[in-house]
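A.B. asks: Got structure.cif for you, mmCIF, C-alpha atoms:
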```cif
data_entry
#
loop_
_atom_site.label_atom_id
_atom_site.label_comp_id
_atom_site.auth_asym_id
_atom_site.auth_seq_id
_atom_site.Cartn_x
_atom_site.Cartn_y
_atom_site.Cartn_z
CA MET A 271 -22.64 -106.48 -83.26
CA SER A 272 -21.71 -106.49 -79.58
CA GLY A 273 -24.27 -109.10 -78.47
CA ASN A 274 -23.59 -112.78 -77.75
CA PRO A 275 -20.17 -113.54 -79.29
CA THR A 276 -20.84 -117.26 -79.52
CA GLY A 277 -23.80 -116.66 -81.86
CA ASP A 278 -21.95 -114.36 -84.24
CA PRO A 279 -19.98 -116.26 -86.93
CA GLU A 280 -18.11 -113.11 -88.04
CA ARG A 281 -16.98 -112.35 -84.49
CA LEU A 282 -15.96 -115.95 -83.86
CA ALA A 283 -13.98 -116.01 -87.10
CA ARG A 284 -12.19 -112.75 -86.25
CA ALA A 285 -11.38 -114.01 -82.76
CA ALA A 286 -9.91 -117.15 -84.32
CA LEU A 287 -7.91 -115.17 -86.88
CA THR A 288 -6.18 -113.13 -84.14
CA ARG A 289 -4.51 -116.41 -83.21
CA VAL A 290 -3.62 -117.14 -86.85
CA ILE A 291 -2.43 -113.80 -88.25
CA GLU A 292 0.27 -111.63 -86.69
CA PRO A 293 -0.57 -107.96 -86.04
CA GLY A 294 -0.05 -105.67 -89.01
CA ASP A 295 0.07 -108.44 -91.64
CA GLU A 296 -1.15 -106.47 -94.67
CA ARG A 297 -1.18 -109.47 -97.01
CA ALA A 298 -3.56 -111.29 -94.69
CA GLY A 299 -5.47 -108.03 -94.32
CA ARG A 300 -6.08 -107.99 -98.08
CA TRP A 301 -7.34 -111.58 -97.91
CA LEU A 302 -9.65 -110.52 -95.08
CA ARG A 303 -10.99 -107.63 -97.14
CA THR A 304 -11.53 -109.93 -100.14
CA TYR A 305 -13.08 -112.98 -98.51
CA GLY A 306 -14.39 -111.72 -95.17
CA ALA A 307 -13.44 -113.24 -91.82
CA VAL A 308 -15.65 -116.32 -92.15
CA GLY A 309 -14.57 -116.98 -95.73
CA LEU A 310 -10.88 -116.55 -94.94
CA LEU A 311 -11.02 -118.86 -91.95
CA GLN A 312 -12.81 -121.49 -94.06
CA ARG A 313 -10.08 -121.24 -96.72
CA LEU A 314 -7.39 -121.72 -94.10
CA THR A 315 -9.07 -124.74 -92.51
CA ALA A 316 -10.32 -126.48 -95.68
CA PRO A 317 -8.23 -128.14 -98.43
CA GLU A 318 -6.75 -125.52 -100.73
CA ASP A 319 -8.83 -124.65 -103.78
CA PRO A 320 -6.47 -125.01 -106.77
CA ASP A 321 -8.73 -122.77 -108.85
CA ASP A 322 -8.64 -119.93 -106.33
CA PRO A 323 -5.58 -120.25 -104.06
CA LEU A 324 -4.45 -117.73 -101.44
CA THR A 325 -1.61 -115.87 -103.11
CA GLY A 326 1.15 -113.49 -102.14
CA VAL A 327 2.99 -115.63 -99.58
CA SER A 328 5.36 -118.57 -99.70
CA ALA A 329 4.10 -122.13 -99.37
CA ALA A 330 5.88 -122.44 -96.02
CA ARG A 331 4.20 -119.32 -94.64
CA LEU A 332 0.79 -120.41 -95.89
CA ALA A 333 1.32 -123.78 -94.23
CA GLY A 334 2.02 -121.93 -90.98
CA TYR A 335 -1.26 -120.05 -91.28
CA ARG A 336 -3.06 -123.36 -91.82
CA ARG A 337 -1.49 -125.00 -88.76
CA ARG A 338 -2.47 -122.07 -86.58
CA ALA A 339 -6.01 -122.04 -87.99
CA ALA A 340 -6.41 -125.74 -87.25
CA ASP A 341 -5.40 -125.17 -83.62
CA ALA A 342 -7.46 -122.00 -83.03
CA ASP A 343 -10.27 -122.29 -80.50
CA PRO A 344 -12.08 -118.94 -80.37
CA GLN A 345 -14.74 -120.22 -77.98
CA ARG A 346 -12.05 -121.05 -75.45
CA ASP A 347 -10.35 -117.67 -75.87
CA LEU A 348 -13.62 -115.79 -75.50
CA ALA A 349 -14.48 -117.80 -72.40
CA THR A 350 -11.06 -117.00 -70.92
CA LEU A 351 -11.64 -113.32 -71.61
CA ALA A 352 -15.08 -113.45 -70.04
CA THR A 353 -13.63 -114.75 -66.76
CA LEU A 354 -11.49 -111.59 -66.70
CA GLY A 355 -14.49 -109.38 -67.33
CA GLY A 356 -13.17 -108.51 -70.78
CA ARG A 357 -14.67 -108.29 -74.24
CA PHE A 358 -13.71 -108.70 -77.89
CA ILE A 359 -14.63 -105.94 -80.34
CA CYS A 360 -14.59 -105.89 -84.14
CA PRO A 361 -14.75 -103.22 -86.85
CA GLY A 362 -18.30 -101.98 -87.02
CA ASP A 363 -18.98 -102.37 -83.29
CA HIS A 364 -20.18 -99.31 -81.38
CA GLU A 365 -16.98 -99.37 -79.32
CA TRP A 366 -14.65 -99.73 -82.31
CA PRO A 367 -12.47 -96.57 -82.76
CA ALA A 368 -13.02 -95.61 -86.41
CA GLN A 369 -9.59 -93.94 -86.61
CA LEU A 370 -7.97 -97.40 -86.57
CA ASP A 371 -9.39 -97.88 -90.06
CA ASP A 372 -6.73 -95.40 -91.24
CA LEU A 373 -4.30 -98.34 -91.00
CA GLY A 374 -5.94 -99.85 -94.08
CA ASP A 375 -5.16 -103.52 -94.59
CA GLY A 376 -2.88 -103.35 -91.56
CA ARG A 377 -5.67 -102.46 -89.13
CA PRO A 378 -6.36 -104.88 -86.28
CA ILE A 379 -8.55 -107.88 -87.07
CA GLY A 380 -10.24 -107.24 -83.74
CA LEU A 381 -9.28 -106.02 -80.28
CA TRP A 382 -9.30 -107.83 -76.95
CA LEU A 383 -10.22 -105.40 -74.18
CA ARG A 384 -10.10 -105.54 -70.41
CA GLY A 385 -11.39 -102.69 -68.29
CA PRO A 386 -14.54 -100.63 -67.77
CA ALA A 387 -13.79 -97.71 -70.10
CA ASP A 388 -15.40 -97.27 -73.52
CA LEU A 389 -12.44 -97.41 -75.91
CA ARG A 390 -14.07 -95.42 -78.71
CA LEU A 391 -15.14 -92.57 -76.45
CA TRP A 392 -11.85 -92.37 -74.61
CA ALA A 393 -9.79 -92.49 -77.78
CA LEU A 394 -11.61 -89.47 -79.21
CA LYS A 395 -9.65 -87.18 -76.88
CA SER A 396 -6.40 -89.02 -76.34
CA VAL A 397 -2.67 -88.39 -76.65
CA ALA A 398 0.13 -90.96 -76.77
CA VAL A 399 3.10 -90.37 -74.46
CA VAL A 400 5.97 -92.76 -75.20
CA GLY A 401 9.70 -92.94 -74.69
CA ALA A 402 12.75 -94.92 -73.70
CA ARG A 403 12.51 -97.94 -71.43
CA ALA A 404 15.92 -97.25 -69.89
CA CYS A 405 15.05 -93.58 -69.41
CA THR A 406 16.90 -91.04 -67.31
CA PRO A 407 15.38 -89.47 -64.17
CA TYR A 408 14.59 -86.47 -66.38
CA GLY A 409 12.67 -88.69 -68.80
CA ALA A 410 10.71 -90.34 -66.01
CA HIS A 411 9.91 -86.94 -64.51
CA MET A 412 8.71 -85.51 -67.82
CA GLY A 413 6.66 -88.61 -68.62
CA ALA A 414 4.87 -88.44 -65.27
CA THR A 415 4.44 -84.66 -65.42
CA LEU A 416 2.97 -84.73 -68.93
CA GLY A 417 0.71 -87.66 -68.04
CA ALA A 418 -0.62 -85.84 -65.00
CA GLY A 419 -0.97 -82.52 -66.82
CA LEU A 420 -2.91 -84.03 -69.70
CA ALA A 421 -5.17 -85.99 -67.35
CA GLU A 422 -5.93 -82.89 -65.28
CA LYS A 423 -7.13 -81.19 -68.47
CA GLY A 424 -9.45 -84.07 -69.32
CA TRP A 425 -7.26 -85.84 -71.86
CA VAL A 426 -6.74 -89.60 -71.99
CA VAL A 427 -3.10 -90.72 -71.84
CA VAL A 428 -2.25 -93.68 -74.10
CA SER A 429 0.97 -95.64 -73.84
CA GLY A 430 2.38 -99.15 -73.98
CA ALA A 431 2.76 -100.03 -70.27
CA ALA A 432 6.49 -100.62 -70.83
CA ALA A 433 9.22 -99.77 -68.35
CA GLY A 434 10.55 -96.22 -68.33
CA VAL A 435 8.64 -93.33 -69.87
CA ASP A 436 5.53 -95.41 -70.70
CA GLY A 437 5.02 -96.49 -67.11
CA ALA A 438 5.73 -92.97 -65.83
CA ALA A 439 3.07 -91.50 -68.16
CA HIS A 440 0.46 -94.04 -67.00
CA ARG A 441 1.31 -93.42 -63.35
CA GLY A 442 1.14 -89.66 -63.80
CA ALA A 443 -2.35 -89.89 -65.29
CA LEU A 444 -3.56 -92.24 -62.56
CA ALA A 445 -2.05 -90.08 -59.80
CA ALA A 446 -4.01 -87.11 -61.17
CA GLY A 447 -7.21 -89.15 -61.03
CA GLY A 448 -7.32 -89.21 -64.81
CA ALA A 449 -7.85 -91.69 -67.61
CA THR A 450 -5.29 -93.91 -69.28
CA ILE A 451 -5.21 -96.66 -71.92
CA ALA A 452 -2.45 -99.30 -72.22
CA VAL A 453 -1.93 -100.92 -75.63
CA LEU A 454 -0.14 -104.22 -75.01
CA ALA A 455 2.12 -106.39 -77.17
CA SER A 456 0.66 -109.49 -75.49
CA GLY A 457 -2.70 -110.86 -74.41
CA VAL A 458 -4.63 -108.77 -71.91
CA ASP A 459 -4.06 -111.46 -69.28
CA VAL A 460 -0.27 -111.45 -69.66
CA VAL A 461 1.65 -108.98 -67.50
CA TYR A 462 4.83 -107.61 -69.06
CA PRO A 463 7.09 -106.43 -67.59
CA ARG A 464 6.49 -108.29 -64.33
CA ALA A 465 7.45 -105.20 -62.36
CA HIS A 466 4.30 -103.54 -63.72
CA THR A 467 1.86 -106.07 -62.28
CA GLU A 468 0.28 -103.49 -59.98
CA LEU A 469 0.25 -100.75 -62.63
CA ILE A 470 -1.39 -102.93 -65.29
CA GLY A 471 -3.88 -104.14 -62.70
CA ARG A 472 -4.83 -100.55 -61.87
CA ILE A 473 -5.30 -99.71 -65.55
CA ALA A 474 -7.54 -102.77 -65.95
CA GLU A 475 -9.65 -101.53 -63.01
CA GLN A 476 -9.79 -97.83 -63.88
CA GLY A 477 -9.12 -97.61 -67.62
CA VAL A 478 -8.75 -100.17 -70.37
CA LEU A 479 -6.11 -102.64 -71.58
CA VAL A 480 -6.03 -103.16 -75.35
CA ALA A 481 -4.45 -106.06 -77.26
CA GLU A 482 -4.55 -107.43 -80.79
CA LEU A 483 -3.32 -110.77 -79.52
CA PRO A 484 -5.61 -113.32 -77.87
CA PRO A 485 -5.41 -114.29 -74.19
CA GLY A 486 -2.23 -116.08 -73.19
CA ASP A 487 -0.08 -114.78 -76.06
CA HIS A 488 3.31 -113.40 -75.03
CA PRO A 489 5.20 -110.41 -76.41
CA THR A 490 8.05 -110.66 -78.91
CA PRO A 491 10.33 -107.91 -80.28
CA SER A 492 8.36 -107.70 -83.52
CA ARG A 493 5.06 -107.49 -81.66
CA PHE A 494 6.29 -104.49 -79.67
CA VAL A 495 7.14 -102.69 -82.91
CA LEU A 496 3.82 -103.56 -84.55
CA ARG A 497 1.88 -102.58 -81.42
CA ASN A 498 3.16 -99.04 -81.87
CA ARG A 499 1.13 -98.46 -85.03
CA VAL A 500 -2.06 -98.96 -82.98
CA ILE A 501 -0.92 -96.41 -80.39
CA ALA A 502 -0.24 -93.91 -83.18
CA ALA A 503 -3.53 -94.52 -84.99
CA LEU A 504 -5.66 -94.47 -81.85
CA THR A 505 -4.59 -91.01 -80.69
CA ARG A 506 -4.60 -87.42 -81.95
CA GLY A 507 -0.86 -87.11 -81.52
CA THR A 508 2.25 -88.88 -80.24
CA VAL A 509 4.63 -87.25 -77.77
CA VAL A 510 8.15 -88.73 -77.56
CA VAL A 511 9.95 -87.89 -74.32
CA GLU A 512 13.28 -89.73 -74.69
CA ALA A 513 14.45 -91.98 -77.52
CA GLU A 514 17.73 -93.07 -79.03
CA TYR A 515 18.25 -93.13 -82.80
CA ARG A 516 17.04 -96.75 -82.92
CA SER A 517 13.96 -96.78 -80.76
CA GLY A 518 10.46 -98.21 -80.82
CA SER A 519 9.20 -94.80 -79.72
CA LEU A 520 10.47 -93.31 -82.97
CA VAL A 521 8.55 -96.02 -84.83
CA THR A 522 5.40 -94.80 -83.08
CA ALA A 523 6.19 -91.20 -84.04
CA ARG A 524 6.84 -92.08 -87.68
CA ASN A 525 3.61 -94.06 -87.81
CA ALA A 526 1.85 -90.97 -86.47
CA GLN A 527 3.43 -88.85 -89.21
CA ARG A 528 2.32 -91.26 -91.93
CA LEU A 529 -1.20 -91.27 -90.54
CA GLY A 530 -1.39 -87.48 -90.45
CA ARG A 531 -1.36 -87.29 -86.66
CA HIS A 532 0.61 -84.73 -84.68
CA THR A 533 4.21 -85.74 -83.97
CA ILE A 534 5.64 -84.06 -80.90
CA GLY A 535 8.98 -84.15 -79.09
CA VAL A 536 10.23 -83.10 -75.67
CA PRO A 537 13.80 -81.78 -75.89
CA GLY A 538 16.53 -83.07 -73.60
CA PRO A 539 20.23 -82.32 -73.03
CA ALA A 540 22.19 -82.07 -76.28
CA THR A 541 24.77 -84.40 -74.74
CA SER A 542 22.28 -87.17 -73.94
CA GLY A 543 22.15 -90.12 -76.31
CA LEU A 544 18.65 -90.86 -75.00
CA SER A 545 17.45 -87.55 -76.45
CA ALA A 546 19.27 -87.89 -79.78
CA GLY A 547 16.32 -89.56 -81.50
CA VAL A 548 13.90 -86.92 -80.22
CA HIS A 549 16.15 -84.14 -81.45
CA GLU A 550 16.28 -85.79 -84.87
CA LEU A 551 12.47 -85.72 -84.94
CA LEU A 552 12.51 -82.07 -83.93
CA ARG A 553 14.84 -81.24 -86.79
CA GLY A 554 12.14 -82.59 -89.08
CA GLU A 555 8.40 -81.98 -88.86
CA ALA A 556 7.85 -82.72 -85.15
CA ALA A 557 6.70 -79.92 -82.85
CA LEU A 558 8.66 -79.04 -79.72
CA VAL A 559 6.76 -78.95 -76.41
CA THR A 560 7.72 -78.58 -72.79
CA ASP A 561 4.45 -79.13 -70.94
CA ALA A 562 0.90 -80.44 -71.23
CA ALA A 563 -0.60 -77.06 -72.15
CA GLU A 564 1.59 -76.87 -75.25
CA ILE A 565 0.57 -80.40 -76.26
CA ILE A 566 -3.11 -79.53 -75.91
CA GLU A 567 -2.61 -76.39 -78.00
CA LEU A 568 -1.40 -78.64 -80.84
CA VAL A 569 -3.87 -81.51 -80.62
CA GLY A 570 -6.88 -79.82 -79.04
CA ASP A 571 -9.77 -77.82 -80.38
CA MET A 572 -9.63 -74.26 -81.64
CA GLY A 573 -8.99 -71.91 -78.76
CA ASP A 574 -7.11 -74.41 -76.56
CA LEU A 575 -4.11 -72.09 -76.39
CA ALA A 576 -1.17 -72.51 -74.06
CA PRO A 577 -0.56 -69.54 -71.73
CA VAL A 578 1.80 -66.83 -72.94
CA ARG A 579 5.42 -67.54 -72.00
CA ARG A 580 7.73 -64.75 -70.92
CA GLY A 581 10.49 -63.97 -68.50
CA PRO A 582 10.24 -61.74 -65.42
CA VAL A 583 8.81 -58.22 -65.70
CA LEU A 584 11.57 -55.88 -64.50
CA PRO A 585 10.72 -52.49 -62.94
CA ARG A 586 12.35 -50.62 -65.84
CA ASP A 587 10.12 -52.51 -68.30
CA LEU A 588 7.19 -50.49 -66.92
CA LEU A 589 8.75 -47.09 -67.66
CA ALA A 590 7.43 -44.84 -70.41
CA PRO A 591 9.73 -44.74 -73.46
CA GLY A 592 10.90 -41.17 -72.79
CA THR A 593 11.68 -41.94 -69.17
CA ALA A 594 13.54 -45.12 -70.17
CA ARG A 595 15.69 -43.11 -72.62
CA VAL A 596 16.71 -40.72 -69.85
CA LEU A 597 17.57 -43.65 -67.56
CA ASP A 598 19.65 -45.24 -70.34
CA ALA A 599 21.57 -41.98 -70.76
CA LEU A 600 23.06 -42.24 -67.27
CA PRO A 601 26.49 -43.93 -67.07
CA ALA A 602 27.01 -47.11 -65.08
CA ARG A 603 29.40 -45.24 -62.82
CA GLY A 604 29.79 -41.57 -61.98
CA ASN A 605 27.58 -38.49 -62.28
CA LEU A 606 26.24 -36.53 -65.22
CA ALA A 607 24.83 -33.04 -65.57
CA VAL A 608 21.25 -32.52 -66.73
CA ARG A 609 22.32 -30.90 -70.03
CA ASP A 610 24.55 -33.92 -70.81
CA ILE A 611 21.78 -36.36 -69.92
CA ALA A 612 19.39 -34.42 -72.18
CA ARG A 613 21.87 -34.57 -75.06
CA GLU A 614 22.32 -38.35 -74.69
CA ALA A 615 18.56 -38.90 -74.43
CA ALA A 616 17.84 -36.62 -77.43
CA THR A 617 15.53 -34.34 -75.45
CA THR A 618 15.50 -30.90 -73.82
CA PRO A 619 17.08 -30.19 -70.41
CA GLU A 620 13.64 -29.28 -69.02
CA GLU A 621 12.13 -32.59 -70.24
CA ALA A 622 15.16 -34.53 -68.94
CA LEU A 623 14.89 -32.88 -65.49
CA GLY A 624 11.22 -33.82 -65.21
CA ARG A 625 12.01 -37.42 -66.14
CA LEU A 626 14.87 -37.51 -63.63
CA TYR A 627 12.58 -36.45 -60.78
CA GLU A 628 10.16 -39.20 -61.84
CA LEU A 629 13.02 -41.73 -61.81
CA HIS A 630 14.13 -40.45 -58.42
CA SER A 631 10.69 -41.03 -56.94
CA LEU A 632 10.79 -44.60 -58.30
CA GLY A 633 14.22 -45.27 -56.80
CA PHE A 634 16.21 -45.50 -60.03
CA VAL A 635 18.44 -42.39 -59.64
CA GLU A 636 20.01 -40.17 -57.00
CA ARG A 637 20.87 -36.47 -57.07
CA GLU A 638 24.29 -35.27 -56.09
CA GLY A 639 24.47 -31.48 -56.17
CA ASP A 640 23.44 -30.40 -59.68
CA ASP A 641 24.36 -33.81 -61.15
CA TRP A 642 22.56 -37.15 -61.28
CA ARG A 643 23.66 -40.75 -61.05
CA LEU A 644 22.19 -44.24 -60.88
CA THR A 645 21.09 -45.28 -57.41
CA THR A 646 23.57 -47.40 -55.48
CA THR A 647 20.78 -49.53 -53.98
CA PRO A 648 19.71 -52.22 -56.45
CA LEU A 649 16.00 -52.55 -57.14
CA PRO A 650 14.41 -55.93 -56.30
CA THR A 651 14.17 -58.32 -59.29
CA PRO A 652 11.20 -60.70 -59.36
CA SER A 653 11.84 -64.36 -60.02
CA THR A 654 11.07 -65.80 -63.42
CA ARG A 655 7.57 -67.14 -63.92
CA ARG A 656 6.12 -69.26 -66.72
CA GLY A 657 2.67 -68.64 -68.05
CA GLY A 658 0.20 -65.85 -67.61
CA ALA A 659 0.75 -62.15 -67.75
#
```
Translate the structure described by the file into structure tokens.
C.D. replies:
Amino acid sequence: MSGNPTGDPERLARAALTRVIEPGDERAGRWLRTYGAVGLLQRLTAPEDPDDPLTGVSAARLAGYRRRAADADPQRDLATLATLGGRFICPGDHEWPAQLDDLGDGRPIGLWLRGPADLRLWALKSVAVVGARACTPYGAHMGATLGAGLAEKGWVVVSGAAAGVDGAAHRGALAAGGATIAVLASGVDVVYPRAHTELIGRIAEQGVLVAELPPGDHPTPSRFVLRNRVIAALTRGTVVVEAEYRSGSLVTARNAQRLGRHTIGVPGPATSGLSAGVHELLRGEAALVTDAAEIIELVGDMGDLAPVRRGPVLPRDLLAPGTARVLDALPARGNLAVRDIAREAATTPEEALGRLYELHSLGFVEREGDDWRLTTTPLPTPSTRRGGA
């Protein structure tokens, strides 16, 4: 179905309907399923059939659909897209991500794309990283770090190109030489926010911009919210870095939950209002992560395990159990005779003496006459490391 768009009535009708129907309109989606794109567009542009009217909406809303349908010019929109090097895809196309069909009657009518990447292939191994627009430096750092970490492991980072965490995640993926997809709440030729002109341009050159809305359409608050369902459906899981209680990022996460995708949160300070929404998710069914490896363990294939986490290995951790018991028997201050050490360690004096000489050779204890004490020179303590053995 991805041949000449001007010779495909179904594709032309779907392109026209993206200018008529708002994203996520399930009532219109049911009409589309019942009548097909060509049939629905004909019903909206022809006089209403009193024997078979479009039902489920008010007369005023239906009149709005009809006005938009009368003004739609899909040939013009497709020509505009072609000048940008873009393309329009529909359900059933080779490039259509089948997971979007999980949205049912709320799935996109079609998608306007701009960029060289194959959306279906890239979406197969993708993770959404979203968060607050007015994020803290911590949120921006985590967004960029997770974006870079996922990209380095061959995962595609999906976000909404918004200010804050979204932009940081995209930049992190690009900085790592990785892949990223931006799902917009506007046409693919509309830059929002303006400060992201360079970033969105880079994604269009190296990745892919995705929009349900036709060229020239501008974002609105409701379109941002509805855009989030596409981000959730497109990816294997959604990671929320920072979000207040009322946040579009939480909408994305809840969409992911409803769709059976992984819902993941990055904890922040308990005193931060920008982490309150994330913590609420974590109190529910969301999984807590702190880095890209932990995300991949959740959303990846069997065997994609994060490295073991542990604190520093202290010298005394390497002691045999019997030797450790003898060491524990020594007081923090002062000396102790061998027979007293043996009694505290629940062993014989001969066994205790042998263990004490072993501890002396390792630098744990000192001898003072016939007694023993802990060494006065502290042993070096390695710094804490994350990951590995």
A.B. asks: Starting from the shown file, work through the PyMOL selection byres ((chain A and resi 377-381) around 8) and note down what comes out as a list in words.
C.D. replies: Arg284, Ala285, Leu287, Thr288, Pro293, Gly294, Gly299, Phe358, Ile359, Cys360, Pro361, Leu370, Asp371, Asp372, Leu373, Gly374, Asp375, Gly376, Trp382, Leu383, Val480, Ala481, Glu482, Leu483 and Val500 of chain A
A.B. asks: Just checking: using all atoms listed in the file, which residue out of A:Thr647, A:Arg384, A:Gly309, A:Gly447 ends up closest to Ala352 in chain A?
C.D. replies: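 That would be A:Arg384, the residue with the smallest distance to Ala352 in chain A.
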A.B. asks: Give me, please, the distance in Å between CA of Pro489 in chain A and CA of Thr304 in chain A, quoted to one decimal.
C.D. replies: 29.0 Å
A.B. asks: Evaluating the PyMOL selection byres ((chain A and resi 390-404) around 6) on the displayed file yields which residues, as a list in words?
C.D. replies: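 Selected by the PyMOL selection byres ((chain A and resi 390-404) around 6) here: Glu365, Trp366, Pro367, Asp388, Leu389, Cys405, Trp425, Val426, Val427, Val428, Ser429, Ala433, Gly434, Val435, Asp436, Thr505, Arg506, Gly507, Thr508, Val509, Val510, Val511, Glu512, Ala513 and Ser519 of chain A.
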A.B. asks: Take the PyMOL selection byres ((chain A and resi 622-635) around 6), apply it to the structure above, and return the hits as an NGL selection string.
C.D. replies: :A and (593 or 612 or 619-621 or 636 or 643-645)
A.B. asks: So which one's closest to Gly486 in chain A, A:Asp347, A:Asp641, A:Glu550, A:Glu468? Using all atoms listed in the file, please.
C.D. replies: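 Among the listed residues, the smallest separation from Gly486 in chain A belongs to A:Asp347.
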A.B. asks: Work out how far CA of Ala445 in chain A is from CA of Val478 in chain A, in Å to one decimal.
C.D. replies: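 Going from CA of Val478 in chain A over to CA of Ala445 in chain A, I get 16.1 Å.
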A.B. asks: For Pro601 in chain A, please output as a PDB file with C-alpha atoms, in the frame of the given file all residues within 10 Å (counting only C-alpha atoms; exclusion window: fewer than 4 positions along the same chain).
C.D. replies:
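Printed below is out06.pdb as written:
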```
ATOM      1  CA  LEU A 597      17.570 -43.650 -67.560  1.00  0.00           C
ATOM      2  CA  ASN A 605      27.580 -38.490 -62.280  1.00  0.00           C
ATOM      3  CA  LEU A 606      26.240 -36.530 -65.220  1.00  0.00           C
ATOM      4  CA  ILE A 611      21.780 -36.360 -69.920  1.00  0.00           C
ATOM      5  CA  TRP A 642      22.560 -37.150 -61.280  1.00  0.00           C
ATOM      6  CA  ARG A 643      23.660 -40.750 -61.050  1.00  0.00           C
ATOM      7  CA  LEU A 644      22.190 -44.240 -60.880  1.00  0.00           C
TER       8      LEU A 644
END
```
